[in-house]
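Listing of work-v5.cif; format and content: mmCIF, C-alpha atoms and all ligand atoms.
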data_input
#
loop_
_atom_site.label_atom_id
_atom_site.label_comp_id
_atom_site.auth_asym_id
_atom_site.auth_seq_id
_atom_site.Cartn_x
_atom_site.Cartn_y
_atom_site.Cartn_z
CA MET F 149 0.00 0.00 0.00
CA ILE F 150 1.33 3.37 -1.03
CA LEU F 151 0.70 5.09 2.27
CA ASP F 152 2.13 2.39 4.53
CA GLY F 153 4.68 3.75 6.96
CA MET F 154 3.83 7.40 6.29
CA SER F 155 3.33 9.94 9.04
CA GLY F 156 0.17 12.03 8.95
CA ARG F 157 -3.54 11.61 8.46
CA VAL F 158 -5.02 9.38 5.76
CA GLU F 159 -8.72 9.22 4.85
CA LYS F 160 -10.48 6.96 2.36
CA ASN F 161 -13.61 7.96 0.47
CA TYR F 162 -13.37 11.43 1.99
CA PRO F 163 -15.86 14.18 1.00
CA LEU F 164 -13.94 16.76 -1.02
CA HIS F 165 -16.39 19.45 0.00
CA LYS F 166 -14.64 19.44 3.37
CA LEU F 167 -11.43 20.49 1.63
CA SER F 168 -12.86 23.41 -0.31
CA THR F 169 -14.01 26.83 0.94
CA TRP F 170 -16.85 26.48 -1.59
CA ARG F 171 -17.97 23.34 0.29
CA ILE F 172 -18.47 21.53 -3.03
CA GLY F 173 -17.14 18.21 -4.30
CA GLY F 174 -17.81 14.46 -4.28
CA PRO F 175 -15.74 11.76 -2.59
CA ALA F 176 -11.97 11.51 -2.90
CA GLU F 177 -10.67 7.97 -3.11
CA THR F 178 -7.75 8.76 -0.77
CA VAL F 179 -6.73 11.96 0.96
CA TYR F 180 -3.34 12.27 2.64
CA TRP F 181 -1.97 15.10 4.76
CA PRO F 182 1.85 14.55 4.76
CA GLU F 183 3.64 15.91 7.81
CA THR F 184 7.06 16.11 6.19
CA ILE F 185 8.27 16.99 2.72
CA GLU F 186 10.11 13.64 2.68
CA ASP F 187 6.79 11.80 3.09
CA LEU F 188 5.18 13.90 0.37
CA LEU F 189 8.06 12.99 -1.97
CA LYS F 190 7.86 9.29 -1.09
CA VAL F 191 4.14 9.16 -1.83
CA TRP F 192 4.62 11.07 -5.06
CA GLN F 193 7.35 8.59 -6.18
CA ARG F 194 5.28 5.54 -5.27
CA ALA F 195 2.22 6.97 -7.04
CA GLN F 196 4.27 7.66 -10.18
CA ALA F 197 5.69 4.14 -10.16
CA ARG F 198 2.16 2.68 -10.05
CA GLU F 199 0.59 5.27 -12.36
CA ILE F 200 -1.84 6.40 -9.71
CA PRO F 201 -3.16 9.94 -10.19
CA VAL F 202 -1.90 12.30 -7.54
CA ARG F 203 -2.53 16.00 -7.01
CA LEU F 204 -1.62 18.59 -4.38
CA ILE F 205 -3.85 21.23 -2.88
CA GLY F 206 -3.40 23.74 -0.11
CA ARG F 207 -6.30 25.26 1.79
CA GLY F 208 -8.80 24.72 -1.05
CA SER F 209 -9.75 28.40 -1.30
CA ASN F 210 -9.37 28.60 -5.06
CA VAL F 211 -10.53 25.21 -6.30
CA LEU F 212 -13.72 23.70 -7.63
CA PHE F 213 -13.83 19.93 -7.12
CA PRO F 214 -15.96 17.67 -9.35
CA ASP F 215 -19.27 16.29 -8.12
CA GLU F 216 -18.13 12.78 -9.21
CA GLY F 217 -15.18 12.93 -6.85
CA LEU F 218 -11.54 12.20 -7.55
CA SER F 219 -9.68 8.94 -7.98
CA GLY F 220 -6.14 8.34 -6.78
CA ILE F 221 -4.50 10.39 -4.06
CA THR F 222 -5.33 13.95 -3.12
CA LEU F 223 -2.46 15.42 -1.11
CA VAL F 224 -3.23 18.32 1.22
CA SER F 225 -0.26 20.49 2.17
CA THR F 226 -1.71 22.00 5.34
CA SER F 227 0.42 19.93 7.74
CA LEU F 228 3.63 21.13 6.05
CA ARG F 229 4.08 24.12 8.31
CA GLY F 230 7.84 24.28 8.96
CA ILE F 231 9.10 27.83 9.33
CA SER F 232 12.47 29.42 9.99
CA TRP F 233 12.80 33.17 10.44
CA GLY F 234 15.84 35.11 9.19
CA ASP F 235 16.65 38.81 9.07
CA HIS F 236 13.64 40.34 7.29
CA SER F 237 13.20 36.99 5.59
CA VAL F 238 11.59 33.63 6.20
CA ARG F 239 11.84 30.09 4.89
CA VAL F 240 8.43 28.53 5.02
CA GLU F 241 6.91 25.23 3.91
CA ALA F 242 4.09 25.17 1.36
CA GLY F 243 1.23 24.48 3.78
CA TYR F 244 1.84 27.44 6.10
CA THR F 245 -1.16 29.79 6.22
CA LEU F 246 -0.56 32.95 4.19
CA ALA F 247 -2.67 35.22 6.41
CA ARG F 248 -0.93 33.94 9.55
CA LEU F 249 2.48 34.62 8.03
CA ALA F 250 1.31 38.14 7.09
CA GLN F 251 0.20 38.79 10.67
CA GLU F 252 3.43 37.38 12.17
CA ALA F 253 5.61 39.44 9.82
CA GLY F 254 3.52 42.52 10.62
CA GLU F 255 4.02 41.99 14.36
CA LEU F 256 7.77 42.10 13.69
CA GLY F 257 7.36 45.36 11.76
CA TRP F 258 8.20 43.65 8.48
CA SER F 259 6.34 44.90 5.45
CA GLY F 260 5.32 43.16 2.20
CA LEU F 261 2.45 40.82 3.00
CA GLU F 262 -0.08 43.32 4.39
CA PHE F 263 -2.33 42.68 1.39
CA ALA F 264 -2.59 39.00 2.37
CA ARG F 265 -4.47 39.46 5.63
CA GLY F 266 -7.85 37.93 4.87
CA ILE F 267 -6.74 35.75 1.93
CA PRO F 268 -7.49 32.23 3.19
CA GLY F 269 -4.79 30.34 1.23
CA SER F 270 -1.53 28.50 1.89
CA ILE F 271 1.90 29.74 0.86
CA GLY F 272 2.10 27.14 -1.94
CA GLY F 273 -1.36 28.00 -3.27
CA ALA F 274 -0.62 31.72 -3.01
CA ILE F 275 2.57 31.35 -5.07
CA MET F 276 0.81 29.24 -7.71
CA MET F 277 -1.95 31.85 -8.05
CA ASN F 278 0.34 34.86 -7.44
CA ALA F 279 -2.21 35.91 -4.84
CA GLY F 280 -2.65 39.62 -4.44
CA ALA F 281 -4.91 42.44 -3.32
CA HIS F 282 -4.84 46.17 -2.52
CA GLY F 283 -1.98 46.70 -5.00
CA GLY F 284 0.27 44.01 -3.47
CA GLU F 285 1.21 40.52 -4.71
CA ILE F 286 3.12 37.65 -3.18
CA SER F 287 5.57 37.75 -6.11
CA SER F 288 7.16 40.91 -4.68
CA CYS F 289 8.25 38.95 -1.56
CA VAL F 290 9.61 35.80 -3.25
CA LEU F 291 13.38 35.24 -3.21
CA SER F 292 13.35 31.57 -4.24
CA VAL F 293 11.22 28.43 -4.19
CA SER F 294 12.01 24.72 -3.83
CA THR F 295 10.05 22.74 -6.37
CA LEU F 296 9.23 19.18 -7.41
CA TRP F 297 8.98 18.52 -11.16
CA ALA F 298 7.19 15.81 -13.14
CA ASP F 299 10.49 13.98 -13.85
CA GLY F 300 11.08 13.72 -10.10
CA SER F 301 13.78 16.38 -9.95
CA ILE F 302 13.82 18.86 -7.09
CA LYS F 303 14.99 22.32 -8.05
CA LYS F 304 15.59 25.45 -6.07
CA LEU F 305 14.64 28.32 -8.33
CA LYS F 306 15.55 31.93 -7.78
CA ARG F 307 12.93 34.58 -8.43
CA ASP F 308 14.34 35.41 -11.87
CA GLU F 309 14.25 31.77 -13.00
CA PHE F 310 10.44 31.69 -13.31
CA GLU F 311 7.71 34.20 -14.06
CA PHE F 312 4.88 35.90 -12.25
CA ALA F 313 2.13 38.05 -13.73
CA TYR F 314 -1.39 39.04 -12.65
CA ARG F 315 -2.74 35.87 -10.93
CA PHE F 316 -0.20 33.85 -12.89
CA CYS F 317 2.91 31.84 -12.03
CA SER F 318 4.80 29.99 -14.76
CA LEU F 319 5.30 27.00 -12.43
CA ARG F 320 1.57 26.30 -12.36
CA GLY F 321 0.74 22.92 -13.86
CA HIS F 322 4.45 22.04 -14.12
CA ALA F 323 5.87 21.86 -10.61
CA TRP F 324 4.85 21.69 -6.98
CA VAL F 325 6.10 24.27 -4.51
CA LEU F 326 7.60 22.54 -1.48
CA GLU F 327 9.08 25.53 0.32
CA ALA F 328 9.54 29.25 -0.27
CA HIS F 329 12.12 31.80 0.82
CA LEU F 330 10.46 35.19 1.22
CA LYS F 331 11.87 38.62 1.98
CA PHE F 332 10.33 41.65 3.66
CA LYS F 333 11.06 45.37 3.89
CA ALA F 334 11.62 47.16 7.16
CA GLY F 335 8.39 48.92 8.06
CA GLU F 336 6.50 50.66 10.86
CA ARG F 337 4.84 47.98 13.01
CA GLU F 338 1.79 50.05 13.99
CA GLN F 339 1.22 51.22 10.42
CA ILE F 340 1.45 47.67 9.04
CA LEU F 341 -1.01 46.33 11.63
CA GLN F 342 -3.34 49.29 10.99
CA ASP F 343 -3.25 48.65 7.20
CA MET F 344 -4.11 45.00 7.78
CA ARG F 345 -7.03 45.87 10.04
CA GLU F 346 -8.38 48.25 7.37
CA TYR F 347 -8.04 45.61 4.62
CA LEU F 348 -9.94 43.12 6.78
CA THR F 349 -12.70 45.64 7.48
CA LYS F 350 -13.05 46.35 3.73
CA ARG F 351 -13.28 42.62 2.99
CA THR F 352 -15.98 42.08 5.58
CA ALA F 353 -17.94 45.01 4.14
CA ASN F 354 -17.57 44.07 0.46
CA GLN F 355 -17.34 40.28 0.34
CA PRO F 356 -20.03 37.67 1.10
CA LEU F 357 -17.98 35.96 3.78
CA GLU F 358 -21.11 34.59 5.46
CA LEU F 359 -21.59 31.99 2.67
CA PRO F 360 -19.14 29.44 1.22
CA ASN F 361 -17.24 30.92 -1.75
CA ALA F 362 -13.84 30.82 -3.43
CA GLY F 363 -13.06 34.50 -3.71
CA SER F 364 -13.15 36.20 -7.10
CA VAL F 365 -14.28 33.79 -9.79
CA PHE F 366 -13.06 35.77 -12.81
CA ARG F 367 -9.86 37.66 -13.45
CA ASN F 368 -10.21 41.35 -14.17
CA PRO F 369 -9.92 41.79 -17.95
CA PRO F 370 -7.37 44.48 -18.93
CA GLY F 371 -8.85 47.90 -18.14
CA HIS F 372 -12.03 46.49 -16.56
CA SER F 373 -13.36 45.15 -13.28
CA ALA F 374 -14.95 41.73 -13.75
CA GLY F 375 -17.32 42.42 -10.83
CA ARG F 376 -18.57 45.69 -12.33
CA LEU F 377 -19.14 44.12 -15.75
CA ILE F 378 -21.10 41.22 -14.23
CA GLU F 379 -23.13 43.59 -12.08
CA ALA F 380 -23.86 45.92 -15.02
CA ALA F 381 -25.04 42.91 -17.04
CA GLY F 382 -27.65 42.24 -14.35
CA TRP F 383 -26.24 39.07 -12.80
CA LYS F 384 -26.26 40.03 -9.12
CA GLY F 385 -28.54 37.66 -7.21
CA ARG F 386 -29.13 35.29 -10.15
CA SER F 387 -28.62 31.59 -9.55
CA ILE F 388 -28.40 28.18 -11.12
CA GLY F 389 -29.29 25.41 -8.68
CA GLY F 390 -27.56 26.21 -5.39
CA ALA F 391 -24.92 28.49 -6.96
CA LYS F 392 -25.71 32.20 -6.83
CA VAL F 393 -23.99 35.40 -7.93
CA SER F 394 -23.50 37.27 -4.67
CA GLU F 395 -25.71 40.31 -4.06
CA LYS F 396 -22.76 41.87 -2.26
CA HIS F 397 -20.01 41.33 -4.85
CA ALA F 398 -20.84 40.24 -8.40
CA ASN F 399 -17.48 38.51 -8.93
CA PHE F 400 -18.25 36.05 -6.11
CA ILE F 401 -20.38 32.94 -6.63
CA VAL F 402 -21.72 31.68 -3.33
CA ASN F 403 -22.96 28.25 -2.34
CA THR F 404 -26.42 28.84 -0.90
CA GLY F 405 -26.47 25.38 0.64
CA LEU F 406 -26.66 22.56 -1.87
CA ALA F 407 -24.64 23.87 -4.81
CA THR F 408 -22.92 21.33 -7.02
CA SER F 409 -19.85 21.75 -9.14
CA SER F 410 -22.12 21.51 -12.21
CA ASP F 411 -24.25 24.41 -10.90
CA VAL F 412 -21.15 26.60 -10.51
CA LEU F 413 -19.77 25.67 -13.92
CA ALA F 414 -23.14 26.31 -15.58
CA LEU F 415 -23.34 29.74 -13.93
CA ILE F 416 -19.78 30.56 -14.96
CA GLU F 417 -20.51 29.59 -18.58
CA ALA F 418 -23.77 31.59 -18.64
CA ILE F 419 -22.01 34.69 -17.32
CA LYS F 420 -19.11 34.32 -19.76
CA THR F 421 -21.47 33.98 -22.74
CA ASP F 422 -23.52 36.99 -21.67
CA ILE F 423 -20.50 39.23 -21.08
CA GLN F 424 -19.06 38.22 -24.44
CA LEU F 425 -22.35 39.08 -26.15
CA LYS F 426 -23.00 42.35 -24.32
CA TYR F 427 -19.48 43.80 -24.11
CA ASP F 428 -17.38 41.69 -26.50
CA ILE F 429 -15.10 40.82 -23.58
CA SER F 430 -13.89 37.29 -22.92
CA LEU F 431 -13.87 36.64 -19.17
CA GLN F 432 -11.26 34.18 -17.87
CA THR F 433 -11.68 32.30 -14.62
CA GLU F 434 -9.35 32.88 -11.70
CA ILE F 435 -10.46 29.73 -9.88
CA GLU F 436 -8.85 26.38 -10.59
CA SER F 437 -11.17 23.65 -11.66
CA ILE F 438 -9.83 20.21 -10.73
CA LEU F 439 -11.91 18.06 -13.02
CA THR F 440 -10.07 14.79 -13.24
CA ALA F 441 -13.20 12.72 -12.83
CA ARG F 442 -13.31 9.47 -10.91
CA VAL F 443 -11.92 6.59 -12.95
CA ASN F 444 -12.14 2.98 -11.99
CA ARG F 445 -8.84 1.19 -12.16
CA ARG F 446 -7.72 -2.05 -10.61
CA ARG F 447 -4.95 -1.06 -8.29
CA ASP F 448 -4.54 -0.65 -4.60
CA VAL F 449 -4.05 2.85 -3.26
C1 LIG I 1 -13.05 34.77 0.86
C2 LIG I 1 -11.91 34.65 -0.11
C3 LIG I 1 -11.18 35.77 -0.45
C4 LIG I 1 -10.11 35.67 -1.35
N1 LIG I 1 -9.41 36.79 -1.65
C5 LIG I 1 -8.38 36.71 -2.51
C6 LIG I 1 -7.61 37.88 -2.84
O1 LIG I 1 -7.86 38.97 -2.35
N2 LIG I 1 -6.58 37.74 -3.71
C7 LIG I 1 -6.25 36.53 -4.27
O2 LIG I 1 -5.28 36.46 -5.03
N3 LIG I 1 -6.96 35.42 -3.98
C8 LIG I 1 -8.00 35.48 -3.12
N4 LIG I 1 -8.72 34.34 -2.82
C9 LIG I 1 -8.39 33.09 -3.51
C10 LIG I 1 -7.40 32.17 -2.75
O3 LIG I 1 -7.49 32.35 -1.36
C11 LIG I 1 -5.95 32.37 -3.21
O4 LIG I 1 -5.79 32.13 -4.58
C12 LIG I 1 -5.01 31.43 -2.43
O5 LIG I 1 -3.70 31.83 -2.66
C13 LIG I 1 -5.13 29.96 -2.84
O6 LIG I 1 -4.38 29.18 -1.91
P1 LIG I 1 -4.86 27.73 -1.47
O7 LIG I 1 -3.83 27.17 -0.56
O8 LIG I 1 -6.24 27.80 -0.93
O9 LIG I 1 -4.83 27.01 -2.87
P2 LIG I 1 -5.78 25.83 -3.35
O10 LIG I 1 -7.14 26.38 -3.59
O11 LIG I 1 -5.66 24.67 -2.44
O12 LIG I 1 -5.09 25.49 -4.74
C14 LIG I 1 -5.12 26.42 -5.80
C15 LIG I 1 -4.29 25.84 -6.95
O13 LIG I 1 -2.92 25.82 -6.55
C16 LIG I 1 -2.43 24.48 -6.58
N5 LIG I 1 -1.54 24.33 -5.43
C17 LIG I 1 -1.82 24.50 -4.13
N6 LIG I 1 -0.72 24.32 -3.38
C18 LIG I 1 0.27 24.03 -4.24
C19 LIG I 1 1.66 23.75 -4.09
N7 LIG I 1 2.27 23.73 -2.90
N8 LIG I 1 2.40 23.49 -5.21
C20 LIG I 1 1.80 23.48 -6.43
N9 LIG I 1 0.50 23.74 -6.64
C21 LIG I 1 -0.25 24.02 -5.56
C22 LIG I 1 -3.65 23.57 -6.51
O14 LIG I 1 -3.42 22.31 -7.12
C23 LIG I 1 -4.66 24.39 -7.29
O15 LIG I 1 -4.45 24.20 -8.67
C24 LIG I 1 -9.79 34.42 -1.92
C25 LIG I 1 -10.53 33.28 -1.58
C26 LIG I 1 -11.58 33.39 -0.68
C27 LIG I 1 -12.36 32.15 -0.31
#

What's the structure tokens form of this structure?
Ligand SMILES: Cc1cc2nc3c(=O)[nH]c(=O)nc-3n(C[C@H](O)[C@H](O)[C@H](O)COP(=O)(O)OP(=O)(O)OC[C@H]3O[C@@H](n4cnc5c(N)ncnc54)[C@H](O)[C@@H]3O)c2cc1C
Amino acid sequence: MILDGMSGRVEKNYPLHKLSTWRIGGPAETVYWPETIEDLLKVWQRAQAREIPVRLIGRGSNVLFPDEGLSGITLVSTSLRGISWGDHSVRVEAGYTLARLAQEAGELGWSGLEFARGIPGSIGGAIMMNAGAHGGEISSCVLSVSTLWADGSIKKLKRDEFEFAYRFCSLRGHAWVLEAHLKFKAGEREQILQDMREYLTKRTANQPLELPNAGSVFRNPPGHSAGRLIEAAGWKGRSIGGAKVSEKHANFIVNTGLATSSDVLALIEAIKTDIQLKYDISLQTEIESILTARVNRRRDV
């Protein structure tokens, strides 16, 4: 068995909706929370050798899981929380909580991650999405990342050896982030903490945090706000099944209780078609849709 001898939690036939802030998704054949990077690598190698599908998620705040569930192994990085502080810098494993790191750096008077207070992702997920808000992005703090590639190689890449753009990282789909080395600027502790409090207040006022969601669904097209376009097209409050365009923020789709992945995808497609027709603008999704449907294979995970 692939997970024999591994440290950390293992669950079989686990509801994926528990791993997603959208609270959507069918059963995962196997879910594993590795406690060390060595264990993550071992499982990855064993899965490759037996051709078992394997994927890595963080805090599930930017993913839409399929209703049919997922076969193979779903790795969750959230127990990989090793951290080592340097001088205005930190080495941190992929599963560490972004918002917590932002708060801890702020307490030290270190500036750079203020924007991240209130973003419910992991460091690995934040790097893959180049998470950002309020004019800041995680890319501006990255010095280097340790990565695992499809051929099994582990590479430490400096910031100039891969690319970031708006909600884009060139590693996405090619490598897993195991650990990151981040830098900060010297700042004014009280000012940093004050900025973070204000950002949190704005989020509570403008975002439908009372219902399950995955943040902004669409990227802002160049020169436009996706939320304003969707609102102007009359989508606020409209729903398909249990998925509804938030009344508070038109770029958020909320789960009103029993939303399925199909409901969300149907709503996304309807909005995209309408915006294309009305404004000749092609909306692109920001969320990641993990749609490797359940396949039945004869092998023992
Ligand atoms: C209420 C709310 C507000 C939000 N606000 C913002 C915001 O202001 N700005 C913003 O940018 N985002 C925002 N988001 C979206 C989300 O929180 C970020 O994109 C976050 O960085 C995703 O991290 P995660 O750990 O949840 O990633 P997940 O959702 O777990 O994964 C996202 C993708 O990254 C991949 N991935 C995860 N970890 C790794 C890894 N270690 N190595 C390789 N691939 C990996 C996954 O396979 C998946 O494809 C918001 C979400 C919510 C629910």

Practice problem: Residues up to 6 Å from ligand LIG 1 (chain I), counting only C-alpha atoms and all ligand atoms: could you list those as a PyMOL selection string? | Solution: chain F and resi 169+204-211+242+267-270+272-274+276-277+279-281+324-326+357+361-363+436

Quiz item: Quick one: residues within 10 Å of Glu336 of chain F, all atoms listed in the file counted, chain neighbours fewer than 5 positions away excluded, as a PyMOL selection string?
Solution: chain F and resi 254-259+341-342

Quiz prompt | Exercise: Glu417 of chain F partners within 12 Å, all atoms listed in the file, chain neighbours under 3 positions left out, as a list in words | solution = Val365, Phe366, Ile388, Ser410, Asp411, Val412, Leu413, Ala414, Lys420, Thr421, Asp422, Ile423, Gln424, Ser430, Leu431, Gln432 and Thr433 of chain F

Go ahead and save the residues from that selection, with C-alpha atoms, as a short mmCIF file (atom, residue, chain, number, x, y, z; two decimals), in the coordinates of the input.
data_model
loop_
_atom_site.label_atom_id
_atom_site.label_comp_id
_atom_site.auth_asym_id
_atom_site.auth_seq_id
_atom_site.Cartn_x
_atom_site.Cartn_y
_atom_site.Cartn_z
CA VAL F 365 -14.28 33.79 -9.79
CA PHE F 366 -13.06 35.77 -12.81
CA ILE F 388 -28.40 28.18 -11.12
CA SER F 410 -22.12 21.51 -12.21
CA ASP F 411 -24.25 24.41 -10.90
CA VAL F 412 -21.15 26.60 -10.51
CA LEU F 413 -19.77 25.67 -13.92
CA ALA F 414 -23.14 26.31 -15.58
CA LYS F 420 -19.11 34.32 -19.76
CA THR F 421 -21.47 33.98 -22.74
CA ASP F 422 -23.52 36.99 -21.67
CA ILE F 423 -20.50 39.23 -21.08
CA GLN F 424 -19.06 38.22 -24.44
CA SER F 430 -13.89 37.29 -22.92
CA LEU F 431 -13.87 36.64 -19.17
CA GLN F 432 -11.26 34.18 -17.87
CA THR F 433 -11.68 32.30 -14.62
#

Quiz item: From the list F:Met344, F:His236, F:Gln339, F:Lys426, which residue is nearest Gly382 of chain F when using all atoms listed in the file?
Solution: F:Lys426

Which polymer residues have any atom within 9 Å of an atom of Lys160 of chain F, counting all atoms listed in the file, with same-chain residues fewer than 6 positions away left out, as an mmCIF file with C-alpha atoms, keeping the file's coordinate frame?
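Once everything was written out, this is out.cif:
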data_model
loop_
_atom_site.group_PDB
_atom_site.id
_atom_site.type_symbol
_atom_site.label_atom_id
_atom_site.label_comp_id
_atom_site.auth_asym_id
_atom_site.auth_seq_id
_atom_site.Cartn_x
_atom_site.Cartn_y
_atom_site.Cartn_z
ATOM 1 C CA PRO F 175 -15.740 11.760 -2.590
ATOM 2 C CA ALA F 176 -11.970 11.510 -2.900
ATOM 3 C CA GLU F 177 -10.670 7.970 -3.110
ATOM 4 C CA THR F 178 -7.750 8.760 -0.770
ATOM 5 C CA VAL F 179 -6.730 11.960 0.960
ATOM 6 C CA TYR F 180 -3.340 12.270 2.640
#
